[in-house]
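Peer 1: One structure follows; several queries about it will come next.
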Amino acid sequence: MARSLKGTILFVALTLVLLFAFASTALAISITSTEVQQSSPGMTVRTIWGQAQVYQYPIKINHIGYAHVELTFKPSWANADLYVYGPDEWDGVSSKIAYDYFNVNQGYLSDFKVDLPINKEYVDWYVPYVNNKFKDPTKLTDRSGGYIGDTYYIVIVAFDETCQTQIWGYVPTIDVTYAPSADPTDDWQVLQGFRFPKSATAWQTVAGTPYGQPFAFAPTSMGTEYLTMQWPTDITTTPKTVSTDHSLGYRPAEYESYLYAADWYTVLQEDFEGSRPGAASGWAPPTWSGNEGGITNPWYGYYEPITVNDPTTDPDWMSAPAGKIQHWVTSLGLVATTPANGPAIMLPTPPTSFTDFAGPMKAGLSTVGYKGTVGLPQNLTINTKSVSVLKGLSVTVTGQLALDLGSGVAWQSGVSVTIQKKVGSSSWVKYTTAMTGTDGKFSAKVTPTATTYWRATWTGTPTTGLTTETSLSKKISVHL
């Protein structure tokens, strides 16, 4: 699916899964999350140590002509993308051939409106040239006549949930049993089919970002939200580490990041770097000078600030409104066999044999660790961890209040905060009030008689930008 179309198509799945808590598919990757409430006054920072998966399937094409590949994946609420990368035409001078994003994929995502159990995407393209016209002397008796051809890569990236995937297609190829004197550019060609996995009943698992926690969150105040992602990382060590020596770990040439408002047809932010693996700008992650997203030293990775607006006064559908649930999707792809070299075909000038055209990208499934952080403007917070209690027992609700006073941020002391409750589909009503201490912290004892949601509110000021500051909610279940 074209990247610019992701937002509208994902609306149904995001709404149902995030807002109505559908069960998610079991993850085949590891995700650990640490949330630090009010790491600085008015800002909550969530740290996600996670892993991204990409599957890279190499295929040889030794003749010009038309090619086709299809990706089928399930379950219906999952989301994966299909990309085809092929070599640029060699100019006879450069020392390497860079891989290019070969074509925009087509197809459809299923949704809950249509009875489609699977999703499908496909790419059709024309192969206009063959760089590697050499023959492998050990395969001269093959139907290909020994012609090697160029390596193309079919790349599968899972974005949402764990996907079960299959690919099949066909490519133009030489068959000397039909035309003994055929070469890569003449009129004699046949279409060679392929399938992976080879069995039509087998599926390849590729895991993506799960719906819900820790990738679902909401800013509750106006200000600047931010997203960062650093890679590669090793999430199995203690402490977890981000590698700055990119020759020691997988350093994907492509990253993608999408931020959606879960109950709108809204793409709040999208960013992708999938330029030319092997080209100067397409291999190393972006470099930042420091202080972006709270990272003080120069660092490599992804950074994006997002302005959070007042939903009552800013009707812009592309804005990030305070209080709206968001869903962050990340991916890392195009992993090289040798990370230090990057994904490019190294060539002598001129090439002298078929071995000079060695494919550089890592075939098969790759798992890449990363560190993601989310900075959320949240002036008023409570401990949102859900709890379950016996009927008649009390629970202490705790929280903290801070805001930007213009000359900096500070905890708010001696301020009355309202604790509200909500049972079932009823409206929010006042339950009690609590006073903040010198560090902005407050607490209130509540005694629910039924399963109840709780939140804190505070009358805002022109300084905060919101007429009312509202925290996220906390669920307290009651049982007999």
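The chains in the structure tokens are called A, B, ... from first to last as shown; in each chain the residues are counted from 1, and the ligands are counted from 1 in the order shown.
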Neighbours of stretch 300-312 of chain A within 8 Å (only C-alpha atoms; same-chain residues fewer than 2 positions away dropped), as an MDAnalysis selection string?
Peer 2: chainID A and resid 219 221:231 244 269 285:288 292:293 298 314:315 319:322 377 465:466
Peer 1: Residues within 8 Å of A:Ser331, please, as a VMD selection string. Count only C-alpha atoms; anything in the same chain fewer than 3 positions from it doesn't count.
Peer 2: chain A and resid 52 to 53 157 to 159 208 to 209 255 to 257
Peer 1: Nearest to A:Val242 among A:Val368, A:Ala363, A:Val417, A:Ile476, with distances taken over only C-alpha atoms: which residue is it?
Peer 2: A:Val368
Peer 1: Give the answer as one residue: which of A:Tyr147, A:Tyr431, A:Lys421, A:Trp49 has the shortest atom-to-atom distance to A:Pro239, using only C-alpha atoms?
Peer 2: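 Using only C-alpha atoms, A:Pro239 sits closest to A:Trp49.
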Peer 1: Do a neighbour search on A:Val176 at 8 Å with only C-alpha atoms, toss out local chain neighbours closer than 5 positions, and write the hits as a list in words.
Peer 2: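 Counting only the stated atoms, we get Arg143, Ser144, Gly145, Ser181 and Ala182 of chain A.
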Peer 1: Atoms to include: N, CA and C atoms. Write the selected residues as a short mmCIF file (atom, residue, chain, number, x, y, z; two decimals), in the first residue's frame.
Peer 2:
data_model
loop_
_atom_site.label_atom_id
_atom_site.label_comp_id
_atom_site.auth_asym_id
_atom_site.auth_seq_id
_atom_site.Cartn_x
_atom_site.Cartn_y
_atom_site.Cartn_z
N ARG A 143 18.81 -24.71 -17.49
CA ARG A 143 17.87 -24.14 -18.46
C ARG A 143 18.15 -22.65 -18.68
N SER A 144 18.79 -22.01 -17.69
CA SER A 144 19.12 -20.59 -17.82
C SER A 144 20.34 -20.37 -18.69
N GLY A 145 21.03 -21.43 -19.10
CA GLY A 145 22.26 -21.29 -19.87
C GLY A 145 23.40 -20.73 -19.05
N SER A 181 20.10 -19.94 -28.24
CA SER A 181 21.02 -18.79 -28.36
C SER A 181 20.50 -17.57 -27.61
N ALA A 182 19.54 -17.76 -26.70
CA ALA A 182 18.93 -16.61 -26.01
C ALA A 182 19.96 -15.86 -25.19
#
Peer 1: Which is closer to A:Thr449 than all the others in A:Leu380, A:Ala207, A:Val423, A:Leu403, using only C-alpha atoms?
Peer 2: A:Val423
Peer 1: Record the distance separating atom CA of A:Thr373 and atom CA of A:Leu472, expressed in Å with one decimal.
Peer 2: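 Separation of atom CA of A:Thr373 and atom CA of A:Leu472: 19.0 Å.
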Peer 1: Between atom CA of A:Asp136 and atom CA of A:Pro184, what is the distance, to one decimal in Å?
Peer 2: 14.0 Å
Peer 1: Would you list the contacts of A:Val54 as number ranges by chain, taking every protein, DNA or RNA residue within 12 Å and counting only C-alpha atoms, but skipping same-chain residues closer than 4 positions in sequence?
Peer 2: A: 29, 80-83, 153-159, 162-163, 165, 204-209, 250, 252-255, 330-336, 361-369
Peer 1: Report the distance between atom CA of A:Thr433 and atom CA of A:Thr467 in Å, rounded to one decimal place.
Peer 2: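 So the answer is 18.1 Å.
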Peer 1: Measuring atom to atom with only C-alpha atoms, identify which of A:Ser394, A:Ser76, A:Gln326, A:Thr463 is nearest to A:Leu259.
Peer 2: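 Closest to A:Leu259, using only C-alpha atoms: A:Gln326.
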Peer 1: Could you tell me, as a PyMOL selection string, which residues of stretch 409-479 of chain A DSSP assigns to strand (DSSP E or B) when given the backbone?
Peer 2: chain A and resi 409-411+416-422+429-435+441-446+452-459+468-470+474-479
Peer 1: Keeping C-alpha atoms for every residue in the selection just given, could you write it to a file as a PDB file, in the first residue's frame?
Peer 2:
ATOM      1  CA  VAL A 409       8.144  24.879  34.570  1.00  0.00           C
ATOM      2  CA  ALA A 410       7.383  24.185  38.190  1.00  0.00           C
ATOM      3  CA  TRP A 411       5.384  21.866  40.393  1.00  0.00           C
ATOM      4  CA  SER A 416      -7.213  22.107  44.732  1.00  0.00           C
ATOM      5  CA  VAL A 417      -7.610  19.223  42.272  1.00  0.00           C
ATOM      6  CA  THR A 418     -11.011  17.631  41.599  1.00  0.00           C
ATOM      7  CA  ILE A 419     -11.308  13.849  41.534  1.00  0.00           C
ATOM      8  CA  GLN A 420     -14.079  12.660  39.203  1.00  0.00           C
ATOM      9  CA  LYS A 421     -15.641   9.244  38.677  1.00  0.00           C
ATOM     10  CA  LYS A 422     -17.544   7.535  35.871  1.00  0.00           C
ATOM     11  CA  VAL A 429     -19.235  13.492  38.177  1.00  0.00           C
ATOM     12  CA  LYS A 430     -17.308  15.081  41.046  1.00  0.00           C
ATOM     13  CA  TYR A 431     -16.329  12.689  43.848  1.00  0.00           C
ATOM     14  CA  THR A 432     -13.953  14.705  46.050  1.00  0.00           C
ATOM     15  CA  THR A 433     -11.095  17.207  45.979  1.00  0.00           C
ATOM     16  CA  ALA A 434      -7.441  16.954  46.962  1.00  0.00           C
ATOM     17  CA  MET A 435      -4.747  19.566  47.685  1.00  0.00           C
ATOM     18  CA  LYS A 441       1.677  15.598  44.342  1.00  0.00           C
ATOM     19  CA  PHE A 442      -1.818  14.835  45.617  1.00  0.00           C
ATOM     20  CA  SER A 443      -3.725  11.805  46.839  1.00  0.00           C
ATOM     21  CA  ALA A 444      -7.347  10.947  47.561  1.00  0.00           C
ATOM     22  CA  LYS A 445      -8.991   7.890  49.090  1.00  0.00           C
ATOM     23  CA  VAL A 446     -11.913   6.554  47.058  1.00  0.00           C
ATOM     24  CA  THR A 452     -15.446   2.749  38.120  1.00  0.00           C
ATOM     25  CA  TYR A 453     -13.144   4.985  36.080  1.00  0.00           C
ATOM     26  CA  TRP A 454     -11.377   7.804  37.922  1.00  0.00           C
ATOM     27  CA  ARG A 455      -9.599  10.954  36.736  1.00  0.00           C
ATOM     28  CA  ALA A 456      -8.363  14.288  38.022  1.00  0.00           C
ATOM     29  CA  THR A 457      -9.289  17.737  36.688  1.00  0.00           C
ATOM     30  CA  TRP A 458      -8.044  21.225  37.446  1.00  0.00           C
ATOM     31  CA  THR A 459      -9.297  24.611  36.276  1.00  0.00           C
ATOM     32  CA  THR A 468      -9.501  22.697  32.068  1.00  0.00           C
ATOM     33  CA  GLU A 469      -6.590  20.330  32.560  1.00  0.00           C
ATOM     34  CA  THR A 470      -7.673  16.682  32.632  1.00  0.00           C
ATOM     35  CA  LYS A 474      -7.689   4.936  36.045  1.00  0.00           C
ATOM     36  CA  LYS A 475      -9.906   1.846  36.178  1.00  0.00           C
ATOM     37  CA  ILE A 476     -10.774   0.286  39.525  1.00  0.00           C
ATOM     38  CA  SER A 477     -12.665  -3.007  39.215  1.00  0.00           C
ATOM     39  CA  VAL A 478     -14.902  -4.154  42.066  1.00  0.00           C
ATOM     40  CA  HIS A 479     -15.670  -7.780  42.839  1.00  0.00           C
TER      41      HIS A 479
END
Peer 1: Would you mind telling me which residue in A:Gly440, A:Gly372, A:Pro137, A:Pro210 lies nearest to A:His327 when using only C-alpha atoms?
Peer 2: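 That would be A:Pro210, the residue with the smallest distance to A:His327.
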